[in-house]
Amino acid sequence: MRKIGFIGLGIMGKPMAQNLVKAGYELTVFDILSERMDDLVRAGARRGASGKDVAAQSEVVITMLPNSPHVREAVLGPGGVLEGAKPGTILVDMSSIAPLASQEIAAQAREKGVAMLDAPVSGGEPKAIAGTLAIMVGGPQETFDQVKDILAKMGSSVTRVGEIGSGNVTKLANQIIVALNIAAMSEALVLATKAGVNPEKVFQAIRGGLAGSAVLDAKAPLALKGNFKPGFRIELHIKDMANALDTAHELGVPVPLSGVVMQILQALRTDGKAGNDHSGIIEFYEQLAKVQVRG
Ligand code: NAD
């Protein structure tokens with residue numbers, strides 16, 4: 001399959017689509033903000049007029065959109081993917097959305113002969129640019145087998161975890177772990193600063209030990225510089241935590257720490273910081289303790 005449609009060219013979608021162009025696939029792209037398509041068109045992609053138009057030109061359609069309502073609109077809405085898709089087209093939604101929404105959209109796609117995978121990613125913008133994302137996939141094995149070479153151009157690990165929706169369940173697990181890690185890091189670095197110990201030195205001293213992690217390595221340097229340019233916006237993490245809490249409630253699973261982190265994220269949003277990188281969780285702790293970690 002060589003003809004790929006790509007819908008949603010934001011922080012993540014743009015570099016992911018660029019990697020597919022570099023790999024030699026024929027891309028048709030679309031974003032509701034038309035200037036977001038310019039760089040891709042310069043790189044050799046065709047400018048799509050709508051989701052319908054993209055699907056009509058493509059064997060595989062990839063979506064990389066903020067949340068469930070955007071994916072519903074782009075796929076099921078007027079001028080959307082299902083209006084243009086032929087039976088046999090494969091839809092790969094790489095957005096992080098509610099698992100139940102993935103299952104509902106897949107059911108409607110199936111009625112049109114379109115097979116769907118949910119394939120959210122982890123790794124953020126740097127790994128999207130490098131083509132080294134972790135990709136977690138739900139959906140039929142035979143559909144996965146047809147597109148896994150395409151996914152491998154965007155990620156260094158591509159893992160099928162189960163049926164449709166299970167990619168997004170895995171992503172929720174990922175997002176709980178990331179949010180709680182950033183909160184723990186923030187709590188610890190603010191404590192160290194208040195105690196008069198240089199937080200940069202604390203980071204360097206502990207990063208090779210048991211407390212070290214990919215999250216610590218990626219986010220501590222940003223927090224220590226007070227550089228909260230996204231990256232991964234707080235508002236997107238609120239969206240993921242809302243999906244995690246909803247899913248937990250549906251299943252009757254207590255997730256107490258996720259509940260606390262959600263309150264921290266909400267406080268930051270109220271403070272006008274929804275557009276900051278989620279490493280900005282540290283600002284919540286800095287305000288409470290009346291101290292700043294940045295030197
Ligand atoms: P973004 O807001 O930067 O990009 C989303 C793009 O979708 C925008 O360009 C927007 O104009 C476009 N869009 C919205 N509705 C549309 C529609 N109906 N039709 C066509 N285009 C539409 O978001 P992002 O940071 O690229 O994130 C995309 C997804 O990836 C989210 O689900 C996010 O949670 C997930 N994610 C993001 C990161 C990260 O670090 N940014 C990391 C992992 C996963």
# chains A, B, ... in the order shown; residues from 1 in each chain; ligands from 1
$ residues_around --residues "Lys194 of chain A" --least-positions-apart "6" --cutoff "9 Å" --atoms "only C-alpha atoms" --output "list in words"
Ala289, Lys290, Val291, Gln292 and Val293 of chain A
$ closest_atom_pairs --of "chain A" --to "ligand 1" --cutoff "6 Å" --atoms "only C-alpha atoms and all ligand atoms" --output "tab-separated table"
residue	atom	partner	partner_atom_place_in_ligand_line	distance
A:Ile7	CA	ligand 1	20 (C)	5.4
A:Gly8	CA	ligand 1	7 (O)	3.8
A:Leu9	CA	ligand 1	9 (O)	4.5
A:Gly10	CA	ligand 1	4 (O)	3.2
A:Ile11	CA	ligand 1	26 (O)	3.9
A:Met12	CA	ligand 1	26 (O)	3.7
A:Gly13	CA	ligand 1	26 (O)	5.2
A:Phe30	CA	ligand 1	20 (C)	6.0
A:Asp31	CA	ligand 1	21 (N)	3.7
A:Ile32	CA	ligand 1	21 (N)	4.5
A:Leu33	CA	ligand 1	11 (O)	4.9
A:Met64	CA	ligand 1	28 (C)	5.1
A:Leu65	CA	ligand 1	7 (O)	4.3
A:Pro66	CA	ligand 1	31 (C)	3.9
A:Asn67	CA	ligand 1	32 (O)	5.2
A:His70	CA	ligand 1	18 (N)	4.9
A:Glu73	CA	ligand 1	18 (N)	5.4
A:Ala74	CA	ligand 1	18 (N)	4.3
A:Ser95	CA	ligand 1	32 (O)	3.9
A:Ser96	CA	ligand 1	32 (O)	3.8
A:Val121	CA	ligand 1	43 (C)	5.2
A:Ser122	CA	ligand 1	43 (C)	4.6
A:Gly123	CA	ligand 1	42 (C)	5.8
A:Gly124	CA	ligand 1	40 (O)	3.3
A:Glu125	CA	ligand 1	40 (O)	5.1
A:Gly231	CA	ligand 1	40 (O)	4.9
A:Phe232	CA	ligand 1	40 (O)	3.8
A:Leu236	CA	ligand 1	34 (O)	5.3
$ closest_residue --among "A:Glu35, A:Glu111, A:Glu187, A:Glu83" --to "Ile281 of chain A" --atoms "only C-alpha atoms"
A:Glu187
$ select_by_dssp --residues "segment 175-287 of chain A" --states "helix (DSSP H, G or I)" --output "MDAnalysis selection string"
chainID A and resid 175:194 199:206 214:225 234:251 256:270 278:287
$ atom_distance --atom1 "atom CA of Ala192 of chain A" --atom2 "atom CA of Gly275 of chain A"
27.0 Å
$ residues_around --residues "Asn19 of chain A" --least-positions-apart "4" --cutoff "8 Å" --atoms "only C-alpha atoms" --output "ChimeraX atom specification"
/A:15,23,129,131,153-154
$ closest_residue --among "A:Arg2, A:Met241, A:Asn174, A:His249" --to "Gln146 of chain A" --atoms "only C-alpha atoms"
A:Arg2
$ residues_around --residues "Ala43 of chain A" --least-positions-apart "3" --cutoff "12 Å" --atoms "only C-alpha atoms" --output "list of chain:residue names"
A:Lys14, A:Pro15, A:Ala17, A:Gln18, A:Asn19, A:Leu20, A:Val21, A:Lys22, A:Ala23, A:Gly24, A:Tyr25, A:Glu26, A:Leu27, A:Thr28, A:Val29, A:Met37, A:Asp38, A:Asp39, A:Leu40, A:Arg46, A:Arg47
$ residues_around --residues "segment 200-211 of chain A" --least-positions-apart "6" --cutoff "9 Å" --atoms "only C-alpha atoms" --output "list in words"
Leu189, Ala192, Asp217, Ala220, Pro221, Leu224, Val293, Arg294 and Gly295 of chain A
$ closest_residue --among "A:Ile164, A:Arg233, A:Met185, A:Ile90" --to "Gly212 of chain A" --atoms "only C-alpha atoms"
A:Met185
$ closest_residue --among "A:Thr63, A:Thr89, A:Ser156, A:Gln287" --to "Thr143 of chain A" --atoms "only C-alpha atoms"
A:Thr89
$ closest_residue --among "A:Ala101, A:Ala195, A:Val158, A:Ile150" --to "Thr132 of chain A" --atoms "only C-alpha atoms"
A:Val158
$ select_by_dssp --residues "segment 106-238 of chain A" --states "strand (DSSP E)" --output "PyMOL selection string"
chain A and resi 115-118+121-122+133-138+155-162
$ residues_around --residues "Asp277 of chain A" --least-positions-apart "6" --cutoff "10 Å" --atoms "only C-alpha atoms" --output "VMD selection string"
chain A and resid 219 222 to 223 227 to 237
$ write_last_selection --atoms "N, CA, C and O atoms" --output "short mmCIF file (atom, residue, chain, number, x, y, z; two decimals), in the first residue's frame"
data_model
loop_
_atom_site.label_atom_id
_atom_site.label_comp_id
_atom_site.auth_asym_id
_atom_site.auth_seq_id
_atom_site.Cartn_x
_atom_site.Cartn_y
_atom_site.Cartn_z
N LYS A 219 11.88 15.63 31.10
CA LYS A 219 11.13 16.76 31.67
C LYS A 219 11.88 17.56 32.73
O LYS A 219 11.62 18.75 32.89
N LEU A 222 13.65 20.68 31.37
CA LEU A 222 12.71 21.75 31.02
C LEU A 222 12.25 22.47 32.28
O LEU A 222 12.23 23.71 32.34
N ALA A 223 11.87 21.68 33.30
CA ALA A 223 11.38 22.27 34.55
C ALA A 223 12.48 23.12 35.20
O ALA A 223 12.22 24.20 35.73
N ASN A 227 11.37 26.27 31.15
CA ASN A 227 10.99 26.31 29.73
C ASN A 227 9.75 25.45 29.52
O ASN A 227 9.84 24.23 29.42
N PHE A 228 8.59 26.08 29.46
CA PHE A 228 7.34 25.33 29.38
C PHE A 228 6.70 25.41 27.99
O PHE A 228 5.49 25.24 27.83
N LYS A 229 7.55 25.67 26.98
CA LYS A 229 7.04 25.68 25.59
C LYS A 229 6.64 24.25 25.23
O LYS A 229 7.45 23.34 25.42
N PRO A 230 5.43 24.03 24.70
CA PRO A 230 5.05 22.63 24.40
C PRO A 230 5.75 22.16 23.13
O PRO A 230 5.97 22.97 22.24
N GLY A 231 6.12 20.88 22.94
CA GLY A 231 5.86 19.74 23.73
C GLY A 231 4.40 19.24 23.84
O GLY A 231 3.66 19.28 22.89
N PHE A 232 4.11 18.79 24.98
CA PHE A 232 2.80 18.20 25.25
C PHE A 232 2.05 19.14 26.17
O PHE A 232 2.42 19.31 27.33
N ARG A 233 0.98 19.72 25.60
CA ARG A 233 0.27 20.76 26.33
C ARG A 233 -0.52 20.20 27.52
O ARG A 233 -1.11 19.12 27.44
N ILE A 234 -0.57 21.00 28.60
CA ILE A 234 -1.34 20.62 29.78
C ILE A 234 -2.79 20.30 29.40
O ILE A 234 -3.37 19.33 29.88
N GLU A 235 -3.36 21.07 28.46
CA GLU A 235 -4.76 20.80 28.11
C GLU A 235 -4.93 19.41 27.47
O GLU A 235 -5.96 18.76 27.65
N LEU A 236 -3.91 18.95 26.75
CA LEU A 236 -4.00 17.59 26.18
C LEU A 236 -3.88 16.54 27.28
O LEU A 236 -4.51 15.49 27.23
N HIS A 237 -3.07 16.84 28.30
CA HIS A 237 -2.97 15.85 29.39
C HIS A 237 -4.26 15.83 30.22
O HIS A 237 -4.67 14.77 30.71
#
$ residues_around --residues "Arg72 of chain A" --least-positions-apart "6" --cutoff "12 Å" --atoms "only C-alpha atoms" --output "MDAnalysis selection string"
chainID A and resid 51 63 65:66 78:82 93 95 97:98 100:109
$ write_last_selection --atoms "N, CA, C and O atoms" --output "compact mmCIF listing (two decimals), in the first residue's frame"
# COMPACT_ATOMS: atom_id res chain seq x y z
N GLY A 51 -11.50 15.66 4.38
CA GLY A 51 -11.27 14.26 4.75
C GLY A 51 -11.77 13.33 3.65
O GLY A 51 -11.13 12.31 3.34
N THR A 63 -5.22 9.39 10.88
CA THR A 63 -5.69 10.61 11.54
C THR A 63 -4.84 10.86 12.78
O THR A 63 -4.48 9.93 13.50
N LEU A 65 -5.40 13.67 15.50
CA LEU A 65 -6.25 14.79 15.91
C LEU A 65 -6.31 14.87 17.44
O LEU A 65 -5.93 13.91 18.12
N PRO A 66 -6.81 16.00 17.99
CA PRO A 66 -6.72 16.15 19.45
C PRO A 66 -7.49 15.10 20.26
O PRO A 66 -6.93 14.50 21.17
N PRO A 78 -19.89 15.30 7.95
CA PRO A 78 -20.06 15.66 6.54
C PRO A 78 -18.70 16.01 5.90
O PRO A 78 -17.89 16.71 6.53
N GLY A 79 -18.45 15.49 4.70
CA GLY A 79 -17.16 15.71 4.05
C GLY A 79 -16.04 14.94 4.71
O GLY A 79 -14.86 15.21 4.49
N GLY A 80 -16.40 13.94 5.53
CA GLY A 80 -15.40 13.19 6.28
C GLY A 80 -14.89 11.96 5.53
O GLY A 80 -15.32 11.66 4.41
N VAL A 81 -13.99 11.24 6.20
CA VAL A 81 -13.27 10.12 5.59
C VAL A 81 -14.23 9.06 5.02
O VAL A 81 -14.04 8.58 3.89
N LEU A 82 -15.28 8.73 5.77
CA LEU A 82 -16.13 7.62 5.31
C LEU A 82 -16.92 7.97 4.05
O LEU A 82 -17.33 7.07 3.31
N ASP A 93 -6.28 5.43 13.24
CA ASP A 93 -6.37 6.63 14.07
C ASP A 93 -5.26 6.61 15.10
O ASP A 93 -5.23 5.77 15.98
N SER A 95 -4.49 9.30 17.02
CA SER A 95 -4.79 10.24 18.09
C SER A 95 -4.96 9.47 19.39
O SER A 95 -5.24 8.28 19.39
N ILE A 97 -7.46 8.97 22.09
CA ILE A 97 -8.89 9.27 22.33
C ILE A 97 -9.47 8.21 23.28
O ILE A 97 -8.78 7.27 23.68
N ALA A 98 -10.74 8.37 23.66
CA ALA A 98 -11.38 7.41 24.56
C ALA A 98 -11.48 6.06 23.86
O ALA A 98 -11.91 5.99 22.69
N LEU A 100 -13.65 3.76 24.12
CA LEU A 100 -15.02 3.51 23.67
C LEU A 100 -15.32 4.22 22.35
O LEU A 100 -15.99 3.67 21.47
N ALA A 101 -14.79 5.43 22.20
CA ALA A 101 -14.98 6.18 20.95
C ALA A 101 -14.32 5.44 19.79
O ALA A 101 -14.90 5.35 18.70
N SER A 102 -13.12 4.88 20.02
CA SER A 102 -12.45 4.10 18.96
C SER A 102 -13.36 2.95 18.51
O SER A 102 -13.51 2.69 17.31
N GLN A 103 -13.96 2.27 19.50
CA GLN A 103 -14.80 1.11 19.16
C GLN A 103 -16.03 1.54 18.38
O GLN A 103 -16.43 0.88 17.41
N GLU A 104 -16.63 2.69 18.77
CA GLU A 104 -17.84 3.16 18.07
C GLU A 104 -17.51 3.60 16.64
O GLU A 104 -18.25 3.28 15.70
N ILE A 105 -16.41 4.33 16.48
CA ILE A 105 -16.03 4.80 15.14
C ILE A 105 -15.69 3.59 14.26
O ILE A 105 -16.09 3.53 13.09
N ALA A 106 -14.98 2.62 14.83
CA ALA A 106 -14.61 1.42 14.06
C ALA A 106 -15.85 0.66 13.59
O ALA A 106 -15.88 0.13 12.47
N ALA A 107 -16.89 0.61 14.44
CA ALA A 107 -18.11 -0.12 14.07
C ALA A 107 -18.77 0.55 12.87
O ALA A 107 -19.22 -0.13 11.93
N GLN A 108 -18.81 1.88 12.86
CA GLN A 108 -19.42 2.59 11.72
C GLN A 108 -18.55 2.45 10.47
O GLN A 108 -19.08 2.35 9.36
N ALA A 109 -17.24 2.46 10.66
CA ALA A 109 -16.33 2.29 9.51
C ALA A 109 -16.53 0.90 8.89
O ALA A 109 -16.58 0.75 7.66
